[in-house]
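J.: Let me begin by handing over the structure; questions about it come next.
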Amino acid sequence: MLPWLGRLLRPLAVLLLTAAALAAPTGTAQAASAPSTGWNNWSCKPSAAHPRPVVLVHGTLGNSVDNWLGFAPYLVHRGYCVYSLDYGQLPGVPFFHGLGPVDKSAGQLSAFVDRVLAASGAAEVDIVGHSQGGMMPNHYLKFLGGADKVNALVGLAPDNHGTTLSGLTALLPYFPGAADLISSKTPGLADQIAGSPFLAALNAGGDTVPGVQYTVIATKYDEVVTPYRSGFLQGTGNNVRNVVLQDLCPLDLSEHVAIGLTSRIAWHEALNALDPSNAERTTCASVFD
């Protein structure tokens with residue numbers, strides 16, 4: 001196979017192999033994620049400087065710990081109460097979450113936010129999500145009453161309008177049974193394909209809701225959410241800010257995974273969205289902040 005063709009087909013192969021692997025018989029035991037360090041501290045009380053807890057929402061095939069090993073301590077060190085949840089679990093599949101139906105995952109987020117508000121005494125939370133974790137909360141905000149409980153939603157490479165996987169989802173009809181396999185075994189993946197019924201319903205009548213401030217931070221090197229601008233929101237009025245990571249720092253080569261795991265440029269811009277009154281311009285030098 002030509003090398004370039006192999007690179008193009010790899011994301012589609014991962015999609016199909018994931019669904020196929022999960023179709024195989026498995027046990028039902030769920031392995032718990034390792035305990036986090038410095039966050040998910042249920043005795044944390046928000047300060048006057050940072051009055052809203054931050055809820056971190058992992059991406060597809062992620063979990064509440066691994067997705068946030070860098071960013072969660074970054075926020076805790078700056079005085080935030082930080083919490084992360086697991087969602088979209090499938091029976092017998094430990095650690096790799098975000099595979100269940102997205103609307104059901106939004107229900108899990110709703111319950112988790114209620115728990116955070118009850119423990120912290122705060123009136124609202126802010127949400128930062130990576131990939132599906134930046135898109136899924138939109139369902140919570142729009143259909144599950146989340147708009148009254150959330151001040152801001154920050155998406156790191158979110159797939160708000162789905163993904164084509166570099167156009168490879170168009171090849172699914174040429175693999176007999178592939179689309180049905182993905183839909184039945186990993187519905188969370190199927191929901192994220194551009195043009196899916198879930199996304200059509202989610203974005204009908206507008207892709208934002210009043211009262212919530214939205215920030216989308218995308219990377220032009222995204223190989224998972226394609227085209228990368230499909231993560232951008234339209235919104236109404238001035239409630240949306242769409243940012244390309246390389247417009248902040250051309251030297252940041254982060255792709256889909258790294259924008260959440262290691263990009264301090266993206267983290268700095270997310271921090272600005274959480275505390276806009278004290279925002280500082282994000283540049284390549286922000287990596288040292």
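We label chains A, B, ... in the order they appear in the structure tokens, count residues from 1 in each chain, and number ligands from 1 in the order shown.
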Which polymer residues have any atom within 10 Å of an atom of A:Gly79, counting only C-alpha atoms, with same-chain residues fewer than 4 positions away left out, as an NGL selection string?
T.: :A and (46-47 or 49-50 or 73-75)
J.: If you count only C-alpha atoms, which residues fall within 7 Å of stretch 56-70 of chain A, apart from same-chain ones fewer than 2 positions away, as a tab-separated table (two decimals) with N, CA and C atoms, in the first residue's frame?
T.:
chain	number	residue	atom	x	y	z
A	33	SER	N	-11.20	3.88	37.17
A	33	SER	CA	-10.03	4.69	36.84
A	33	SER	C	-9.18	4.91	38.08
A	34	ALA	N	-7.91	5.13	37.88
A	34	ALA	CA	-7.02	5.43	39.00
A	34	ALA	C	-7.44	6.74	39.64
A	36	SER	N	-7.48	10.44	40.90
A	36	SER	CA	-6.79	11.64	40.44
A	36	SER	C	-5.98	12.24	41.57
A	54	VAL	N	-14.78	23.94	37.98
A	54	VAL	CA	-14.55	23.57	36.58
A	54	VAL	C	-14.76	22.07	36.43
A	72	ALA	N	-5.64	19.36	34.41
A	72	ALA	CA	-6.29	19.47	35.71
A	72	ALA	C	-5.35	20.04	36.76
A	73	PRO	N	-4.12	19.54	36.91
A	73	PRO	CA	-3.18	20.17	37.86
A	73	PRO	C	-2.88	21.62	37.51
A	74	TYR	N	-2.84	21.94	36.22
A	74	TYR	CA	-2.63	23.32	35.77
A	74	TYR	C	-3.69	24.24	36.36
A	83	TYR	N	-13.06	19.17	38.77
A	83	TYR	CA	-13.68	17.84	38.83
A	83	TYR	C	-13.72	17.23	37.43
A	84	SER	N	-13.60	15.92	37.36
A	84	SER	CA	-13.71	15.23	36.08
A	84	SER	C	-14.54	13.97	36.25
A	85	LEU	N	-15.27	13.62	35.22
A	85	LEU	CA	-16.15	12.46	35.27
A	85	LEU	C	-15.81	11.47	34.18
A	86	ASP	N	-16.25	10.23	34.38
A	86	ASP	CA	-16.28	9.23	33.33
A	86	ASP	C	-17.70	9.15	32.79
A	95	PHE	N	-11.67	1.73	31.20
A	95	PHE	CA	-10.74	2.81	30.83
A	95	PHE	C	-11.12	3.58	29.56
A	96	PHE	N	-11.61	2.91	28.53
A	96	PHE	CA	-11.90	3.56	27.26
A	96	PHE	C	-13.38	3.88	27.18
A	97	HIS	N	-13.70	5.15	27.47
A	97	HIS	CA	-15.10	5.54	27.61
A	97	HIS	C	-15.52	6.49	26.48
A	98	GLY	N	-16.71	7.05	26.63
A	98	GLY	CA	-17.22	7.95	25.61
A	98	GLY	C	-17.74	7.22	24.38
A	99	LEU	N	-18.13	5.96	24.53
A	99	LEU	CA	-18.57	5.15	23.40
A	99	LEU	C	-20.07	4.91	23.39
A	127	ILE	N	-17.47	24.45	32.16
A	127	ILE	CA	-17.13	23.15	31.59
A	127	ILE	C	-16.02	23.33	30.57
A	128	VAL	N	-15.00	22.46	30.65
A	128	VAL	CA	-13.98	22.38	29.62
A	128	VAL	C	-13.99	20.94	29.11
A	129	GLY	N	-14.16	20.78	27.80
A	129	GLY	CA	-14.22	19.44	27.24
A	129	GLY	C	-13.29	19.29	26.06
A	130	HIS	N	-12.79	18.08	25.89
A	130	HIS	CA	-11.91	17.76	24.77
A	130	HIS	C	-12.64	16.86	23.79
A	131	SER	N	-12.60	17.20	22.50
A	131	SER	CA	-13.18	16.37	21.44
A	131	SER	C	-14.68	16.17	21.70
A	132	GLN	N	-15.14	14.91	21.80
A	132	GLN	CA	-16.55	14.69	22.12
A	132	GLN	C	-16.94	15.40	23.41
A	133	GLY	N	-16.00	15.52	24.32
A	133	GLY	CA	-16.28	16.19	25.58
A	133	GLY	C	-16.56	17.67	25.45
A	261	LEU	N	-3.87	17.26	25.80
A	261	LEU	CA	-2.94	16.63	26.73
A	261	LEU	C	-1.73	17.47	27.08
A	262	THR	N	-1.20	18.22	26.11
A	262	THR	CA	0.10	18.85	26.34
A	262	THR	C	0.21	20.31	25.93
J.: Excluding stretch 216-224 of chain A and its own-chain neighbours fewer than 3 positions away, which residues fall within 9 Å of it when counting only C-alpha atoms? Please give them as a tab-separated table (two decimals) with all heavy atoms, in the first residue's frame.
T.:
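Output file result_1.tsv follows:
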chain	number	residue	atom	x	y	z
A	11	PRO	N	-7.31	6.29	10.34
A	11	PRO	CA	-8.41	6.65	11.22
A	11	PRO	C	-9.66	5.80	11.00
A	11	PRO	O	-10.34	5.43	11.96
A	11	PRO	CB	-8.68	8.12	10.87
A	11	PRO	CG	-7.39	8.60	10.28
A	11	PRO	CD	-6.85	7.44	9.55
A	131	SER	N	-12.60	17.20	22.50
A	131	SER	CA	-13.18	16.37	21.44
A	131	SER	C	-14.68	16.17	21.70
A	131	SER	O	-15.42	17.15	21.83
A	131	SER	CB	-12.42	15.04	21.36
A	131	SER	OG	-12.76	14.32	20.20
A	134	GLY	N	-16.19	18.25	24.30
A	134	GLY	CA	-16.55	19.64	24.04
A	134	GLY	C	-17.86	19.77	23.31
A	134	GLY	O	-18.49	20.83	23.34
A	153	LEU	N	-18.76	27.21	28.40
A	153	LEU	CA	-18.34	25.94	27.83
A	153	LEU	C	-17.14	26.20	26.94
A	153	LEU	O	-17.22	26.98	25.98
A	153	LEU	CB	-19.46	25.29	27.02
A	153	LEU	CG	-19.08	24.06	26.19
A	153	LEU	CD1	-18.52	22.94	27.06
A	153	LEU	CD2	-20.29	23.56	25.38
A	154	VAL	N	-16.03	25.55	27.26
A	154	VAL	CA	-14.80	25.68	26.48
A	154	VAL	C	-14.52	24.34	25.82
A	154	VAL	O	-14.40	23.32	26.50
A	154	VAL	CB	-13.61	26.09	27.36
A	154	VAL	CG1	-12.35	26.26	26.50
A	154	VAL	CG2	-13.92	27.36	28.14
A	155	GLY	N	-14.42	24.33	24.49
A	155	GLY	CA	-14.15	23.10	23.77
A	155	GLY	C	-12.75	23.09	23.19
A	155	GLY	O	-12.35	24.02	22.49
A	156	LEU	N	-11.97	22.05	23.51
A	156	LEU	CA	-10.66	21.84	22.91
A	156	LEU	C	-10.82	20.84	21.77
A	156	LEU	O	-11.10	19.67	22.01
A	156	LEU	CB	-9.67	21.31	23.94
A	156	LEU	CG	-9.48	22.16	25.20
A	156	LEU	CD1	-8.58	21.44	26.20
A	156	LEU	CD2	-8.89	23.52	24.86
A	157	ALA	N	-10.73	21.30	20.54
A	157	ALA	CA	-10.94	20.46	19.35
A	157	ALA	C	-12.27	19.72	19.43
A	157	ALA	O	-12.33	18.51	19.23
A	157	ALA	CB	-9.79	19.48	19.16
A	158	PRO	N	-13.37	20.42	19.69
A	158	PRO	CA	-14.67	19.75	19.77
A	158	PRO	C	-15.20	19.43	18.37
A	158	PRO	O	-14.89	20.11	17.40
A	158	PRO	CB	-15.55	20.79	20.45
A	158	PRO	CG	-14.99	22.10	19.98
A	158	PRO	CD	-13.49	21.88	19.89
A	159	ASP	N	-16.01	18.39	18.28
A	159	ASP	CA	-16.62	18.04	16.99
A	159	ASP	C	-18.09	18.47	17.00
A	159	ASP	O	-18.99	17.65	16.85
A	159	ASP	CB	-16.47	16.56	16.67
A	159	ASP	CG	-16.96	15.64	17.78
A	159	ASP	OD1	-17.17	16.13	18.91
A	159	ASP	OD2	-17.13	14.44	17.51
A	163	THR	N	-17.60	14.94	12.27
A	163	THR	CA	-16.33	14.78	11.57
A	163	THR	C	-16.52	13.88	10.35
A	163	THR	O	-17.37	12.99	10.35
A	163	THR	CB	-15.26	14.18	12.49
A	163	THR	OG1	-14.04	14.00	11.74
A	163	THR	CG2	-15.68	12.85	13.07
A	164	THR	N	-15.69	14.13	9.36
A	164	THR	CA	-15.66	13.27	8.17
A	164	THR	C	-14.47	12.32	8.21
A	164	THR	O	-14.30	11.51	7.30
A	164	THR	CB	-15.55	14.12	6.89
A	164	THR	OG1	-14.28	14.76	6.86
A	164	THR	CG2	-16.67	15.15	6.81
A	165	LEU	N	-13.62	12.43	9.24
A	165	LEU	CA	-12.37	11.67	9.30
A	165	LEU	C	-11.61	11.80	7.99
A	165	LEU	O	-11.26	10.82	7.33
A	165	LEU	CB	-12.63	10.20	9.63
A	165	LEU	CG	-12.88	9.85	11.09
A	165	LEU	CD1	-13.19	8.38	11.24
A	165	LEU	CD2	-11.70	10.24	11.96
A	166	SER	N	-11.37	13.03	7.60
A	166	SER	CA	-10.66	13.35	6.35
A	166	SER	C	-11.38	12.78	5.14
A	166	SER	O	-10.76	12.40	4.14
A	166	SER	CB	-9.21	12.83	6.39
A	166	SER	OG	-8.50	13.43	7.44
A	227	PRO	N	-13.52	18.66	8.58
A	227	PRO	CA	-12.50	19.71	8.63
A	227	PRO	C	-12.45	20.34	10.01
A	227	PRO	O	-13.45	20.35	10.73
A	227	PRO	CB	-12.97	20.71	7.58
A	227	PRO	CG	-14.44	20.49	7.47
A	227	PRO	CD	-14.66	19.03	7.72
A	228	TYR	N	-11.30	20.86	10.39
A	228	TYR	CA	-11.15	21.31	11.78
A	228	TYR	C	-12.09	22.44	12.14
A	228	TYR	O	-12.49	22.59	13.30
A	228	TYR	CB	-9.70	21.70	12.07
A	228	TYR	CG	-9.20	22.97	11.41
A	228	TYR	CD1	-9.36	24.21	12.01
A	228	TYR	CD2	-8.54	22.92	10.18
A	228	TYR	CE1	-8.89	25.37	11.42
A	228	TYR	CE2	-8.07	24.08	9.58
A	228	TYR	CZ	-8.24	25.29	10.19
A	228	TYR	OH	-7.77	26.45	9.60
A	229	ARG	N	-12.51	23.23	11.15
A	229	ARG	CA	-13.43	24.32	11.43
A	229	ARG	C	-14.86	23.83	11.67
A	229	ARG	O	-15.72	24.64	12.04
A	229	ARG	CB	-13.40	25.33	10.29
A	229	ARG	CG	-12.08	26.09	10.20
A	229	ARG	CD	-12.08	27.10	9.06
A	229	ARG	NE	-10.80	27.79	8.96
A	229	ARG	CZ	-10.49	28.89	9.64
A	229	ARG	NH1	-11.38	29.44	10.46
A	229	ARG	NH2	-9.30	29.46	9.50
A	231	GLY	N	-15.70	22.29	14.09
A	231	GLY	CA	-15.92	22.47	15.52
A	231	GLY	C	-16.41	23.86	15.87
A	231	GLY	O	-16.92	24.07	16.99
A	232	PHE	N	-16.28	24.81	14.96
A	232	PHE	CA	-16.69	26.18	15.24
A	232	PHE	C	-18.20	26.27	15.44
A	232	PHE	O	-18.98	25.57	14.79
A	232	PHE	CB	-16.27	27.10	14.11
A	232	PHE	CG	-14.80	27.43	14.09
A	232	PHE	CD1	-14.28	28.24	13.10
A	232	PHE	CD2	-13.93	26.92	15.04
A	232	PHE	CE1	-12.93	28.55	13.06
A	232	PHE	CE2	-12.58	27.22	15.02
A	232	PHE	CZ	-12.08	28.04	14.03
A	233	LEU	N	-18.58	27.18	16.33
A	233	LEU	CA	-19.99	27.45	16.60
A	233	LEU	C	-20.38	28.79	15.98
A	233	LEU	O	-19.56	29.70	15.89
A	233	LEU	CB	-20.24	27.47	18.11
A	233	LEU	CG	-20.04	26.15	18.83
A	233	LEU	CD1	-20.02	26.36	20.35
A	233	LEU	CD2	-21.13	25.15	18.46
A	240	VAL	N	-20.02	33.64	21.40
A	240	VAL	CA	-19.12	32.62	20.87
A	240	VAL	C	-17.79	33.24	20.48
A	240	VAL	O	-17.75	34.30	19.85
A	240	VAL	CB	-19.72	31.90	19.65
A	240	VAL	CG1	-18.68	31.00	18.99
A	240	VAL	CG2	-20.94	31.07	20.05
A	241	ARG	N	-16.70	32.55	20.84
A	241	ARG	CA	-15.37	32.91	20.35
A	241	ARG	C	-14.74	31.66	19.77
A	241	ARG	O	-14.54	30.66	20.47
A	241	ARG	CB	-14.49	33.48	21.46
A	241	ARG	CG	-13.13	33.91	20.93
A	241	ARG	CD	-12.42	34.83	21.93
A	241	ARG	NE	-11.19	35.36	21.33
A	241	ARG	CZ	-9.98	34.86	21.55
A	241	ARG	NH1	-9.83	33.82	22.36
A	241	ARG	NH2	-8.93	35.39	20.97
A	242	ASN	N	-14.48	31.66	18.47
A	242	ASN	CA	-13.81	30.57	17.78
A	242	ASN	C	-12.36	30.94	17.53
A	242	ASN	O	-12.06	32.00	16.98
A	242	ASN	CB	-14.50	30.29	16.44
A	242	ASN	CG	-15.93	29.81	16.61
A	242	ASN	OD1	-16.19	28.87	17.36
A	242	ASN	ND2	-16.86	30.43	15.91
A	243	VAL	N	-11.45	30.06	17.96
A	243	VAL	CA	-10.02	30.36	17.90
A	243	VAL	C	-9.29	29.20	17.23
A	243	VAL	O	-9.59	28.03	17.50
A	243	VAL	CB	-9.43	30.56	19.32
A	243	VAL	CG1	-7.96	30.90	19.25
A	243	VAL	CG2	-10.19	31.63	20.07
A	244	VAL	N	-8.34	29.52	16.37
A	244	VAL	CA	-7.42	28.51	15.83
A	244	VAL	C	-6.12	28.60	16.62
A	244	VAL	O	-5.53	29.67	16.75
A	244	VAL	CB	-7.16	28.74	14.33
A	244	VAL	CG1	-6.16	27.69	13.81
A	244	VAL	CG2	-8.45	28.67	13.54
A	245	LEU	N	-5.69	27.49	17.15
A	245	LEU	CA	-4.52	27.45	18.03
A	245	LEU	C	-3.31	28.11	17.37
A	245	LEU	O	-2.56	28.87	18.02
A	245	LEU	CB	-4.20	25.99	18.38
A	245	LEU	CG	-3.08	25.72	19.37
A	245	LEU	CD1	-3.37	26.36	20.71
A	245	LEU	CD2	-2.87	24.22	19.53
A	246	GLN	N	-3.12	27.87	16.08
A	246	GLN	CA	-1.93	28.40	15.40
A	246	GLN	C	-2.03	29.91	15.17
A	246	GLN	O	-1.01	30.54	14.86
A	246	GLN	CB	-1.72	27.66	14.08
A	246	GLN	CG	-1.17	26.25	14.26
A	246	GLN	CD	-2.21	25.27	14.81
A	246	GLN	OE1	-3.40	25.39	14.50
A	246	GLN	NE2	-1.76	24.30	15.61
A	252	ASP	N	2.99	26.13	17.62
A	252	ASP	CA	2.31	25.02	18.28
A	252	ASP	C	1.79	24.07	17.22
A	252	ASP	O	0.86	24.39	16.47
A	252	ASP	CB	1.16	25.53	19.15
A	252	ASP	CG	0.65	24.46	20.11
A	252	ASP	OD1	0.59	23.28	19.72
A	252	ASP	OD2	0.30	24.81	21.26
A	253	LEU	N	2.36	22.88	17.14
A	253	LEU	CA	2.00	21.89	16.12
A	253	LEU	C	1.04	20.83	16.67
A	253	LEU	O	0.88	19.77	16.07
A	253	LEU	CB	3.27	21.21	15.59
A	253	LEU	CG	4.33	22.15	15.02
A	253	LEU	CD1	5.52	21.33	14.50
A	253	LEU	CD2	3.77	23.02	13.91
A	254	SER	N	0.39	21.12	17.77
A	254	SER	CA	-0.49	20.13	18.40
A	254	SER	C	-1.58	19.68	17.46
A	254	SER	O	-2.22	20.48	16.78
A	254	SER	CB	-1.13	20.73	19.66
A	254	SER	OG	-0.16	21.07	20.60
A	255	GLU	N	-1.79	18.34	17.44
A	255	GLU	CA	-2.90	17.79	16.67
A	255	GLU	C	-4.05	17.49	17.65
A	255	GLU	O	-4.14	18.12	18.71
A	255	GLU	CB	-2.46	16.58	15.85
A	255	GLU	CG	-1.49	15.62	16.54
A	255	GLU	CD	-2.09	14.95	17.74
A	255	GLU	OE1	-2.97	14.08	17.57
A	255	GLU	OE2	-1.69	15.27	18.87
A	256	HIS	N	-4.93	16.57	17.29
A	256	HIS	CA	-6.17	16.40	18.03
A	256	HIS	C	-5.93	15.99	19.49
A	256	HIS	O	-6.57	16.53	20.39
A	256	HIS	CB	-7.04	15.35	17.34
A	256	HIS	CG	-8.38	15.18	17.97
A	256	HIS	ND1	-9.41	16.10	17.79
A	256	HIS	CD2	-8.88	14.23	18.81
A	256	HIS	CE1	-10.47	15.70	18.48
A	256	HIS	NE2	-10.18	14.58	19.11
A	257	VAL	N	-5.05	15.04	19.70
A	257	VAL	CA	-4.82	14.56	21.07
A	257	VAL	C	-4.00	15.55	21.87
A	257	VAL	O	-4.33	15.88	23.02
A	257	VAL	CB	-4.13	13.18	21.03
A	257	VAL	CG1	-3.77	12.74	22.45
A	257	VAL	CG2	-5.04	12.14	20.37
A	259	ILE	N	-3.67	18.73	21.73
A	259	ILE	CA	-4.27	20.01	22.13
A	259	ILE	C	-4.88	19.92	23.52
A	259	ILE	O	-4.92	20.90	24.27
A	259	ILE	CB	-5.34	20.47	21.10
A	259	ILE	CG1	-5.70	21.94	21.33
A	259	ILE	CG2	-6.56	19.59	21.13
A	259	ILE	CD1	-6.63	22.52	20.29
A	266	ALA	N	-2.99	26.12	24.36
A	266	ALA	CA	-4.44	25.88	24.43
A	266	ALA	C	-4.94	26.04	25.86
A	266	ALA	O	-6.01	26.61	26.11
A	266	ALA	CB	-4.78	24.50	23.89
A	269	GLU	N	-5.28	29.71	26.78
A	269	GLU	CA	-6.45	30.33	26.18
A	269	GLU	C	-7.73	29.85	26.86
A	269	GLU	O	-8.68	30.62	27.03
A	269	GLU	CB	-6.50	30.03	24.68
A	269	GLU	CG	-7.58	30.79	23.93
A	269	GLU	CD	-7.38	32.30	23.94
A	269	GLU	OE1	-6.30	32.79	24.35
A	269	GLU	OE2	-8.33	33.00	23.54
A	270	ALA	N	-7.76	28.59	27.26
A	270	ALA	CA	-8.91	28.08	28.02
A	270	ALA	C	-9.02	28.81	29.36
A	270	ALA	O	-10.12	29.14	29.81
A	270	ALA	CB	-8.77	26.58	28.24
J.: For A:Pro91, which of A:Leu248, A:Thr186, A:Ser286, A:His268 is the closest residue, counting only C-alpha atoms?
T.: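 Nearest candidate to A:Pro91 out of A:Leu248, A:Thr186, A:Ser286, A:His268: A:Thr186.
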J.: Per DSSP on the backbone, what are the strand (DSSP E or B) residues of stretch 177-278 of chain A, as an MDAnalysis selection string?
T.: chainID A and resid 193 213:218 240:244
J.: Work out how far apart atom CA of A:Leu117 and atom CA of A:Leu274 are and give it in Å to one decimal.
T.: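 Computing it gives 16.9 Å between the two atoms.
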J.: Mind giving me the straight-line distance from atom CA of A:Cys81 to atom CA of A:Lys142 in Å, one decimal?
T.: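 Between these atoms lies a distance of 24.9 Å.
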